[in-house]
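Listing of coords-v3.csv, CSV, C-alpha atoms and all ligand atoms
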```
chain,number,residue,atom,x,y,z
A,98,MET,CA,-2.9,6.5,1.1
A,99,LYS,CA,-2.3,5.5,-2.5
A,100,VAL,CA,-4.9,3.1,-3.9
A,101,ALA,CA,-4.8,0.7,-6.9
A,102,ILE,CA,-8.0,-0.4,-8.6
A,103,MET,CA,-8.0,-3.9,-10.1
A,104,GLY,CA,-10.3,-4.6,-13.1
A,105,ALA,CA,-10.4,-0.8,-13.7
A,106,ALA,CA,-12.4,-1.1,-16.9
A,107,GLY,CA,-15.2,-3.2,-15.3
A,108,ARG,CA,-18.6,-2.0,-14.1
A,109,MET,CA,-17.3,-1.6,-10.6
A,110,GLY,CA,-13.8,-0.7,-11.6
A,111,ARG,CA,-14.9,2.5,-13.4
A,112,VAL,CA,-17.0,3.7,-10.5
A,113,LEU,CA,-14.3,2.9,-8.0
A,114,ILE,CA,-11.9,5.2,-9.9
A,115,GLU,CA,-14.4,8.0,-9.5
A,116,ALA,CA,-15.0,7.2,-5.8
A,117,VAL,CA,-11.3,7.1,-5.0
A,118,GLU,CA,-10.7,10.4,-6.8
A,119,ALA,CA,-13.5,12.0,-4.7
A,120,ALA,CA,-12.4,10.5,-1.4
A,121,GLU,CA,-10.6,12.4,1.4
A,122,GLY,CA,-7.2,11.0,2.3
A,123,LEU,CA,-6.9,8.7,-0.7
A,124,THR,CA,-5.2,9.2,-4.0
A,125,LEU,CA,-5.4,7.0,-7.1
A,126,GLY,CA,-2.0,5.5,-7.5
A,127,ALA,CA,-2.7,2.8,-10.1
A,128,ALA,CA,-5.4,1.2,-12.2
A,129,ILE,CA,-5.0,-2.2,-13.7
A,130,VAL,CA,-6.8,-3.7,-16.7
A,131,GLU,CA,-6.4,-7.1,-18.5
A,132,PRO,CA,-2.8,-7.7,-19.7
A,133,VAL,CA,-4.1,-7.9,-23.3
A,134,SER,CA,-6.4,-4.8,-23.1
A,135,SER,CA,-6.2,-2.1,-25.8
A,136,LEU,CA,-6.8,0.4,-23.0
A,137,ILE,CA,-3.3,0.0,-21.5
A,138,GLY,CA,-1.6,3.4,-21.4
A,139,ALA,CA,-4.8,5.4,-21.5
A,140,ASP,CA,-5.6,7.8,-18.6
A,141,ALA,CA,-7.7,6.1,-15.9
A,142,GLY,CA,-9.9,9.2,-15.4
A,143,GLU,CA,-10.6,9.5,-19.1
A,144,LEU,CA,-11.9,5.9,-19.1
A,145,THR,CA,-14.5,6.8,-16.5
A,146,GLY,CA,-15.4,10.2,-17.9
A,147,ILE,CA,-14.0,12.3,-14.9
A,148,GLY,CA,-11.2,13.9,-16.9
A,149,ARG,CA,-7.4,13.3,-16.7
A,150,THR,CA,-6.0,11.8,-13.4
A,151,GLY,CA,-2.4,11.4,-14.6
A,152,VAL,CA,-2.6,7.7,-13.9
A,153,ALA,CA,-2.1,5.5,-16.9
A,154,LEU,CA,-3.9,2.1,-17.1
A,155,ALA,CA,-1.4,-0.7,-16.4
A,156,GLY,CA,-1.5,-4.3,-17.6
A,157,SER,CA,-0.3,-6.0,-14.4
A,158,LEU,CA,0.1,-5.4,-10.6
A,159,ALA,CA,3.9,-6.1,-10.8
A,160,GLU,CA,4.5,-3.0,-13.0
A,161,VAL,CA,2.8,-0.7,-10.5
A,162,LYS,CA,4.1,-2.4,-7.3
A,163,ASP,CA,5.6,0.9,-5.9
A,164,ASP,CA,2.6,3.1,-6.7
A,165,PHE,CA,0.0,2.0,-4.1
A,166,GLU,CA,-0.5,0.9,-0.5
A,167,VAL,CA,-4.0,-0.6,-0.7
A,168,LEU,CA,-5.6,-2.6,-3.6
A,169,ILE,CA,-9.3,-2.6,-4.2
A,170,ASP,CA,-10.4,-5.7,-6.1
A,171,PHE,CA,-13.9,-6.3,-7.5
A,172,THR,CA,-13.2,-8.9,-10.2
A,173,PHE,CA,-13.5,-12.7,-10.1
A,174,PRO,CA,-12.3,-15.4,-7.7
A,175,ASP,CA,-9.2,-16.7,-9.5
A,176,LEU,CA,-7.8,-13.2,-10.2
A,177,THR,CA,-8.7,-12.0,-6.7
A,178,LEU,CA,-6.7,-14.9,-5.1
A,179,GLU,CA,-3.7,-14.2,-7.4
A,180,ASN,CA,-3.9,-10.6,-6.3
A,181,ALA,CA,-4.2,-11.6,-2.6
A,182,ALA,CA,-1.0,-13.6,-3.0
A,183,PHE,CA,0.7,-10.5,-4.5
A,184,CYS,CA,-0.5,-8.3,-1.6
A,185,GLN,CA,0.7,-10.9,0.9
A,186,ALA,CA,4.1,-11.0,-0.7
A,187,ASN,CA,4.5,-7.3,-1.0
A,188,GLY,CA,2.9,-6.0,2.2
A,189,LYS,CA,-0.2,-4.3,0.6
A,190,LYS,CA,-3.5,-3.8,2.2
A,191,LEU,CA,-6.5,-5.3,0.4
A,192,VAL,CA,-10.2,-4.6,-0.1
A,193,VAL,CA,-12.1,-7.4,-1.8
A,194,GLY,CA,-15.6,-7.1,-3.1
A,195,THR,CA,-15.5,-10.1,-5.4
A,196,THR,CA,-18.3,-12.7,-4.9
A,197,GLY,CA,-18.6,-16.4,-5.9
A,198,LEU,CA,-15.6,-17.7,-3.9
A,199,SER,CA,-15.8,-21.3,-2.8
A,200,ASP,CA,-15.1,-22.3,0.8
A,201,ALA,CA,-11.6,-23.3,-0.2
A,202,GLU,CA,-11.0,-20.0,-2.0
A,203,LYS,CA,-12.2,-18.1,1.1
A,204,ALA,CA,-9.8,-20.1,3.2
A,205,GLN,CA,-7.0,-19.1,0.8
A,206,LEU,CA,-8.0,-15.4,1.2
A,207,ALA,CA,-8.0,-15.8,5.0
A,208,LEU,CA,-4.4,-17.2,4.8
A,209,ALA,CA,-3.3,-14.0,3.0
A,210,ALA,CA,-5.0,-12.0,5.7
A,211,GLU,CA,-2.7,-13.5,8.3
A,212,ALA,CA,0.1,-11.4,6.7
A,213,VAL,CA,-1.8,-8.2,5.7
A,214,PRO,CA,-5.1,-6.5,6.6
A,215,VAL,CA,-8.0,-7.5,4.3
A,216,VAL,CA,-11.6,-6.3,4.2
A,217,PHE,CA,-13.7,-8.9,2.4
A,218,ALA,CA,-17.5,-8.3,2.0
A,219,PRO,CA,-20.1,-9.4,-0.6
A,220,ASN,CA,-21.8,-6.1,-0.3
A,221,MET,CA,-20.1,-2.8,0.7
A,222,SER,CA,-23.2,-0.6,0.9
A,223,VAL,CA,-24.0,0.8,4.3
A,224,GLY,CA,-27.7,-0.1,3.6
A,225,VAL,CA,-27.1,-3.8,3.1
A,226,ASN,CA,-25.0,-4.0,6.2
A,227,VAL,CA,-27.7,-2.3,8.3
A,228,VAL,CA,-30.2,-4.8,6.8
A,229,LEU,CA,-28.0,-7.7,7.9
A,230,ASN,CA,-28.4,-6.5,11.5
A,231,LEU,CA,-32.2,-6.1,11.0
A,232,LEU,CA,-32.3,-9.7,9.7
A,233,ARG,CA,-30.5,-11.0,12.7
A,234,THR,CA,-33.0,-9.4,15.0
A,235,ALA,CA,-36.0,-10.4,12.9
A,236,ALA,CA,-35.0,-14.1,12.6
A,237,ALA,CA,-34.1,-14.4,16.3
A,238,THR,CA,-37.5,-12.9,17.3
A,239,LEU,CA,-39.7,-14.7,14.8
A,240,GLY,CA,-38.0,-18.1,15.2
A,241,ASP,CA,-38.9,-21.4,13.5
A,242,ASP,CA,-42.6,-20.5,13.0
A,243,TYR,CA,-41.8,-18.3,10.0
A,244,ASP,CA,-40.7,-19.7,6.6
A,245,VAL,CA,-37.6,-17.8,5.2
A,246,GLU,CA,-37.2,-17.2,1.5
A,247,ILE,CA,-34.5,-15.0,0.0
A,248,ILE,CA,-35.1,-13.4,-3.4
A,249,GLU,CA,-32.4,-11.5,-5.4
A,250,ALA,CA,-32.3,-9.8,-8.8
A,251,HIS,CA,-29.3,-8.6,-10.7
A,252,HIS,CA,-28.3,-7.5,-14.2
A,253,ARG,CA,-28.0,-9.9,-17.1
A,254,HIS,CA,-24.1,-9.9,-17.0
A,255,LYS,CA,-23.8,-11.3,-13.4
A,256,LYS,CA,-21.9,-14.6,-13.4
A,257,ASP,CA,-22.4,-16.0,-9.9
A,258,ALA,CA,-25.7,-17.1,-8.3
A,259,PRO,CA,-27.1,-16.7,-5.8
A,260,SER,CA,-25.5,-13.4,-5.2
A,261,GLY,CA,-22.9,-13.1,-2.4
A,262,THR,CA,-25.2,-10.8,-0.6
A,263,ALA,CA,-28.1,-13.3,-0.7
A,264,LEU,CA,-25.8,-16.0,0.6
A,265,ARG,CA,-24.6,-13.8,3.5
A,266,MET,CA,-28.2,-12.9,4.3
A,267,GLY,CA,-28.9,-16.6,4.4
A,268,GLU,CA,-25.9,-17.2,6.7
A,269,VAL,CA,-27.0,-14.5,9.1
A,270,VAL,CA,-30.6,-15.8,9.3
A,271,ALA,CA,-29.5,-19.4,9.6
A,272,GLU,CA,-27.1,-18.5,12.4
A,273,ALA,CA,-29.8,-16.6,14.3
A,274,LEU,CA,-32.1,-19.6,14.0
A,275,GLY,CA,-29.4,-22.0,15.1
A,276,ARG,CA,-29.3,-23.7,11.7
A,277,ASP,CA,-26.4,-24.4,9.3
A,278,LEU,CA,-27.0,-22.9,5.9
A,279,LYS,CA,-25.1,-25.7,4.2
A,280,THR,CA,-27.7,-28.2,5.2
A,281,CYS,CA,-30.9,-26.1,5.1
A,282,ALA,CA,-30.5,-24.0,1.9
A,283,VAL,CA,-32.7,-24.9,-1.1
A,284,TYR,CA,-31.7,-23.3,-4.4
A,285,GLY,CA,-34.6,-22.8,-6.7
A,286,ARG,CA,-37.5,-25.2,-7.0
A,287,GLU,CA,-38.8,-27.2,-9.9
A,288,GLY,CA,-41.1,-30.2,-10.5
A,289,PHE,CA,-42.9,-32.2,-7.8
A,290,THR,CA,-40.9,-30.9,-4.8
A,291,GLY,CA,-43.2,-31.9,-2.1
A,292,GLU,CA,-44.2,-29.6,0.7
A,293,ARG,CA,-41.8,-27.1,2.0
A,294,SER,CA,-40.0,-28.2,5.1
A,295,ARG,CA,-40.1,-26.0,8.2
A,296,HIS,CA,-36.3,-25.6,8.4
A,297,GLU,CA,-35.4,-24.8,4.8
A,298,ILE,CA,-34.2,-21.4,3.7
A,299,GLY,CA,-35.1,-20.9,0.0
A,300,PHE,CA,-33.2,-18.9,-2.6
A,301,GLU,CA,-34.6,-17.5,-5.8
A,302,THR,CA,-32.5,-15.8,-8.4
A,303,ILE,CA,-33.5,-13.3,-11.1
A,304,ARG,CA,-31.1,-12.2,-13.8
A,305,ALA,CA,-32.5,-9.4,-16.1
A,306,GLY,CA,-31.6,-6.2,-17.9
A,307,ASP,CA,-29.7,-3.6,-15.9
A,308,VAL,CA,-30.8,-4.3,-12.3
A,309,VAL,CA,-28.0,-3.0,-10.1
A,310,GLY,CA,-28.9,-5.3,-7.1
A,311,ASP,CA,-32.2,-6.1,-5.3
A,312,HIS,CA,-32.5,-8.3,-2.2
A,313,THR,CA,-35.6,-9.3,-0.3
A,314,VAL,CA,-35.8,-11.6,2.7
A,315,LEU,CA,-39.3,-12.9,3.2
A,316,PHE,CA,-40.5,-14.2,6.6
A,317,ALA,CA,-43.9,-15.8,6.3
A,318,THR,CA,-46.2,-17.7,8.6
A,319,GLU,CA,-50.0,-18.3,8.7
A,320,GLY,CA,-51.6,-14.9,9.1
A,321,GLU,CA,-48.7,-12.5,8.2
A,322,ARG,CA,-45.7,-11.9,6.0
A,323,ILE,CA,-42.7,-9.6,6.6
A,324,GLU,CA,-40.5,-8.5,3.7
A,325,ILE,CA,-37.2,-6.8,4.3
A,326,THR,CA,-35.9,-5.3,1.1
A,327,HIS,CA,-32.8,-3.5,0.0
A,328,LYS,CA,-32.5,-2.0,-3.6
A,329,ALA,CA,-29.3,-0.5,-4.9
A,330,SER,CA,-29.9,2.0,-7.7
A,331,SER,CA,-26.3,3.0,-8.3
A,332,ARG,CA,-23.0,1.1,-8.1
A,333,MET,CA,-21.6,4.2,-6.4
A,334,THR,CA,-23.1,3.0,-3.1
A,335,PHE,CA,-20.8,-0.1,-3.3
A,336,ALA,CA,-17.8,2.0,-4.4
A,337,LYS,CA,-18.2,4.5,-1.5
A,338,GLY,CA,-18.3,1.6,0.9
A,339,ALA,CA,-15.1,0.1,-0.6
A,340,VAL,CA,-13.4,3.5,-0.3
A,341,ARG,CA,-14.5,3.7,3.4
A,342,ALA,CA,-13.0,0.3,3.9
A,343,ALA,CA,-9.7,1.4,2.4
A,344,GLN,CA,-9.6,4.5,4.6
A,345,TRP,CA,-10.4,2.3,7.7
A,346,LEU,CA,-7.6,-0.1,6.9
A,347,ALA,CA,-5.0,2.7,7.2
A,348,ASP,CA,-4.0,1.8,10.8
A,349,LYS,CA,-5.2,-1.8,11.0
A,350,PRO,CA,-3.0,-4.8,11.7
A,351,ALA,CA,-3.1,-8.0,9.6
A,352,GLY,CA,-6.4,-9.8,9.8
A,353,LEU,CA,-9.6,-10.6,8.0
A,354,TYR,CA,-12.3,-7.9,8.4
A,355,ASP,CA,-15.7,-7.3,6.8
A,356,MET,CA,-18.0,-4.2,6.4
A,357,GLN,CA,-19.6,-4.9,9.8
A,358,ASP,CA,-16.2,-4.2,11.3
A,359,VAL,CA,-15.6,-1.1,9.1
A,360,LEU,CA,-19.0,0.4,10.0
A,361,GLY,CA,-18.8,-0.6,13.7
A,362,LEU,CA,-21.9,-2.7,13.4
A,363,ARG,CA,-20.6,-5.8,15.2
B,401,LIG,N1,-19.0,-6.4,-2.7
B,401,LIG,C1,-19.8,-5.5,-3.3
B,401,LIG,O1,-20.3,-4.6,-2.8
B,401,LIG,C2,-20.0,-5.8,-4.8
B,401,LIG,C3,-19.4,-6.8,-5.4
B,401,LIG,N2,-19.5,-7.0,-6.8
B,401,LIG,C4,-18.7,-8.1,-7.3
B,401,LIG,O2,-17.6,-7.6,-8.0
B,401,LIG,C5,-17.2,-8.5,-9.0
B,401,LIG,C6,-17.0,-7.7,-10.3
B,401,LIG,O3,-18.3,-7.2,-10.8
B,401,LIG,P1,-18.4,-6.3,-12.1
B,401,LIG,O4,-17.6,-5.0,-11.9
B,401,LIG,O5,-19.9,-6.2,-12.4
B,401,LIG,O6,-17.7,-7.2,-13.2
B,401,LIG,P2,-17.0,-6.9,-14.5
B,401,LIG,O7,-16.9,-8.1,-15.3
B,401,LIG,O8,-17.6,-5.7,-15.1
B,401,LIG,O9,-15.5,-6.4,-14.0
B,401,LIG,C7,-14.4,-7.3,-13.9
B,401,LIG,C8,-13.3,-6.6,-14.7
B,401,LIG,O10,-12.0,-7.3,-14.5
B,401,LIG,C9,-11.4,-7.4,-15.8
B,401,LIG,N3,-10.3,-8.3,-15.8
B,401,LIG,C10,-10.3,-9.6,-16.3
B,401,LIG,N4,-9.1,-10.2,-16.2
B,401,LIG,C11,-8.3,-9.2,-15.7
B,401,LIG,C12,-6.9,-9.2,-15.3
B,401,LIG,N5,-6.1,-10.2,-15.5
B,401,LIG,N6,-6.4,-8.0,-14.8
B,401,LIG,C13,-7.2,-6.9,-14.6
B,401,LIG,N7,-8.5,-6.9,-14.9
B,401,LIG,C14,-9.0,-8.0,-15.4
B,401,LIG,C15,-12.5,-7.6,-16.7
B,401,LIG,O11,-12.1,-7.4,-18.1
B,401,LIG,P3,-12.9,-8.1,-19.3
B,401,LIG,O12,-14.3,-7.5,-19.1
B,401,LIG,O13,-12.2,-7.6,-20.5
B,401,LIG,O14,-12.8,-9.5,-19.0
B,401,LIG,C16,-13.5,-6.7,-16.2
B,401,LIG,O15,-13.4,-5.4,-16.8
B,401,LIG,C17,-18.3,-9.6,-9.1
B,401,LIG,O16,-17.8,-10.7,-8.3
B,401,LIG,C18,-19.5,-8.9,-8.3
B,401,LIG,O17,-20.3,-9.9,-7.8
B,401,LIG,C19,-20.2,-6.1,-7.5
B,401,LIG,C20,-20.8,-5.0,-7.0
B,401,LIG,C21,-20.8,-4.8,-5.6
B,402,LIG,O1,-22.5,-8.5,-9.4
B,402,LIG,C1,-23.1,-7.5,-8.9
B,402,LIG,O2,-23.5,-6.5,-9.6
B,402,LIG,C2,-23.3,-7.4,-7.5
B,402,LIG,N1,-22.8,-8.3,-6.7
B,402,LIG,C3,-22.8,-8.4,-5.3
B,402,LIG,C4,-23.3,-9.7,-4.8
B,402,LIG,O3,-23.1,-10.8,-5.5
B,402,LIG,O4,-24.0,-9.8,-3.8
B,402,LIG,C5,-23.3,-7.2,-4.6
B,402,LIG,C6,-24.3,-6.4,-5.4
B,402,LIG,O5,-25.6,-6.9,-5.1
B,402,LIG,C7,-24.0,-6.3,-6.9
```
Just dump the structure as structure tokens.
Amino acid sequence: MKVAIMGAAGRMGRVLIEAVEAAEGLTLGAAIVEPVSSLIGADAGELTGIGRTGVALAGSLAEVKDDFEVLIDFTFPDLTLENAAFCQANGKKLVVGTTGLSDAEKAQLALAAEAVPVVFAPNMSVGVNVVLNLLRTAAATLGDDYDVEIIEAHHRHKKDAPSGTALRMGEVVAEALGRDLKTCAVYGREGFTGERSRHEIGFETIRAGDVVGDHTVLFATEGERIEITHKASSRMTFAKGAVRAAQWLADKPAGLYDMQDVLGLR
């Protein structure tokens, strides 16, 4: 299958090019950068330091329309939705790693997935997806007696907070406890907040340096604490997951899937 990488010059875009080039059954068909980028025309492989691929960086999806079957998009919400509409109109499969989408934006993506198969997940690493299952089990077993706090740390360039992964962890825990994250989430604390309520799920965000992505879910009660932590030390872990999702999509019908589907963890 021929793959296009959107946002090819980005932190994830560069690693995705490398991962696709190394993947079995996938070929890099196109790589797209900003329409105003001075990189347009340069070789995608040379951008990432893996040597020539023969794929020149393009300035739009329209100009590479016939060069790919699946698009991998790790960019930002507005652009991802534009690209989803393009995929819907042109019968292209889609892997979306972009985070920070509002509920309305997620609904728009789901609409595109009625026409083409889409994998959408805030974290494509195998490790985080295994952790989601551990969290489900932990929360269901520990129940309401344990306070839940979710702490995440990322690099200084990250634009959305809390991370998509932290929010997904919150949703999984809330669901296992029979709560609605929308009504029980508390984002950061400051001032005279009063005592913690039994039902809240707290989120703390750290942005610093070059942290690739750390997530900890803390379950605490009187007498003990459990911390379930995942630490990513290379973006290649996310890129490999995205490549696996693209391979998995090869024979899938239209629909909205996530990494739990791809990894058979559901
Ligand atoms: N699901 C997962 O496993 C993971 C998800 N992510 C998510 O992926 C997203 C991207 O992260 P990251 O790679 O760090 O971000 P970057 O900002 O490094 O990458 C985005 C890239 O898109 C480029 N871009 C902007 N406009 C266009 C356009 N019109 N056409 C093509 N490219 C364009 C940007 O260019 P410029 O810089 O010039 O604006 C930039 O190079 C985030 O939402 C992040 O949370 C990240 C890691 C893992
Ligand atoms: O922006 C990042 O870098 C990451 N974003 C994702 C998120 O928001 O959860 C996944 C990963 O932690 C890296």
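Closest to Gly352 of chain A among A:Lys255, A:Lys190, A:Arg108, A:His327 is A:Lys190, based on only C-alpha atoms.
Taking atom N1 of ligand LIG 402 (chain B) and atom CA of His312 of chain A as endpoints, the distance between them is 10.7 Å.
Closest approach to Ser157 of chain A among A:Glu179, A:Glu249, A:Glu143, A:Asp244: A:Glu179, based on all atoms listed in the file.
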### Task
Tell me, as a PyMOL selection string, which residues lie within 12 Å of Asp163 of chain A, counting only C-alpha atoms; anything in the same chain fewer than 5 positions away does not count.
chain A and resi 99-101+126-127+158+168+184+187-189
#### Entry: Protein and nucleic acid residues within 7 Å of ligand LIG 402 (chain B) (only C-alpha atoms and all ligand atoms) as a ChimeraX atom specification
/A:196,219-220,251-252,255,257,260-263,309-311
Just the selected residues (C-alpha atoms), exported as a short mmCIF file (atom, residue, chain, number, x, y, z; two decimals), in the coordinates of the input, please.
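And here is the file that came out, out.cif:
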```
data_model
loop_
_atom_site.label_atom_id
_atom_site.label_comp_id
_atom_site.auth_asym_id
_atom_site.auth_seq_id
_atom_site.Cartn_x
_atom_site.Cartn_y
_atom_site.Cartn_z
CA THR A 196 -18.30 -12.70 -4.90
CA PRO A 219 -20.10 -9.40 -0.60
CA ASN A 220 -21.80 -6.10 -0.30
CA HIS A 251 -29.30 -8.60 -10.70
CA HIS A 252 -28.30 -7.50 -14.20
CA LYS A 255 -23.80 -11.30 -13.40
CA ASP A 257 -22.40 -16.00 -9.90
CA SER A 260 -25.50 -13.40 -5.20
CA GLY A 261 -22.90 -13.10 -2.40
CA THR A 262 -25.20 -10.80 -0.60
CA ALA A 263 -28.10 -13.30 -0.70
CA VAL A 309 -28.00 -3.00 -10.10
CA GLY A 310 -28.90 -5.30 -7.10
CA ASP A 311 -32.20 -6.10 -5.30
#
```
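If you look at atom CA of Ala218 of chain A and atom C1 of ligand LIG 401 (chain B), they are 6.4 Å away from each other.
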#### Entry: Long-range neighbours of Gly194 of chain A as an MDAnalysis selection string, 9 Å cut-off, only C-alpha atoms, 4 positions minimum in chain
chainID A and resid 169:172 216:221 335 339
Output of the above residues as an mmCIF file, keeping the file's coordinate frame, restricted to C-alpha atoms:
```cif
data_model
loop_
_atom_site.group_PDB
_atom_site.id
_atom_site.type_symbol
_atom_site.label_atom_id
_atom_site.label_comp_id
_atom_site.auth_asym_id
_atom_site.auth_seq_id
_atom_site.Cartn_x
_atom_site.Cartn_y
_atom_site.Cartn_z
ATOM 1 C CA ILE A 169 -9.300 -2.600 -4.200
ATOM 2 C CA ASP A 170 -10.400 -5.700 -6.100
ATOM 3 C CA PHE A 171 -13.900 -6.300 -7.500
ATOM 4 C CA THR A 172 -13.200 -8.900 -10.200
ATOM 5 C CA VAL A 216 -11.600 -6.300 4.200
ATOM 6 C CA PHE A 217 -13.700 -8.900 2.400
ATOM 7 C CA ALA A 218 -17.500 -8.300 2.000
ATOM 8 C CA PRO A 219 -20.100 -9.400 -0.600
ATOM 9 C CA ASN A 220 -21.800 -6.100 -0.300
ATOM 10 C CA MET A 221 -20.100 -2.800 0.700
ATOM 11 C CA PHE A 335 -20.800 -0.100 -3.300
ATOM 12 C CA ALA A 339 -15.100 0.100 -0.600
#
```
### Task
Write out as a PyMOL selection string each polymer residue whose atoms come within 7 Å of Val314 of chain A, counting only C-alpha atoms; drop sequence neighbours fewer than 4 positions from it.
chain A and resi 245-248+324-326
Write the residues of the selection above to a file with C-alpha atoms, as an mmCIF file, in the coordinates of the input.
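Generated output (selection.cif):
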```
data_model
loop_
_atom_site.group_PDB
_atom_site.id
_atom_site.type_symbol
_atom_site.label_atom_id
_atom_site.label_comp_id
_atom_site.auth_asym_id
_atom_site.auth_seq_id
_atom_site.Cartn_x
_atom_site.Cartn_y
_atom_site.Cartn_z
ATOM 1 C CA VAL A 245 -37.600 -17.800 5.200
ATOM 2 C CA GLU A 246 -37.200 -17.200 1.500
ATOM 3 C CA ILE A 247 -34.500 -15.000 0.000
ATOM 4 C CA ILE A 248 -35.100 -13.400 -3.400
ATOM 5 C CA GLU A 324 -40.500 -8.500 3.700
ATOM 6 C CA ILE A 325 -37.200 -6.800 4.300
ATOM 7 C CA THR A 326 -35.900 -5.300 1.100
#
```
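Using all atoms listed in the file for every distance, the candidate list A:Asp355, A:Glu301, A:Asp241, A:Glu287 yields A:Asp355 as the residue closest to ligand LIG 401 (chain B).
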### Shortest interatomic distance to ligand LIG 401 (chain B) - which of A:Glu272, A:Glu319, A:Asp307, A:Glu211, counting only C-alpha atoms and all ligand atoms
A:Asp307
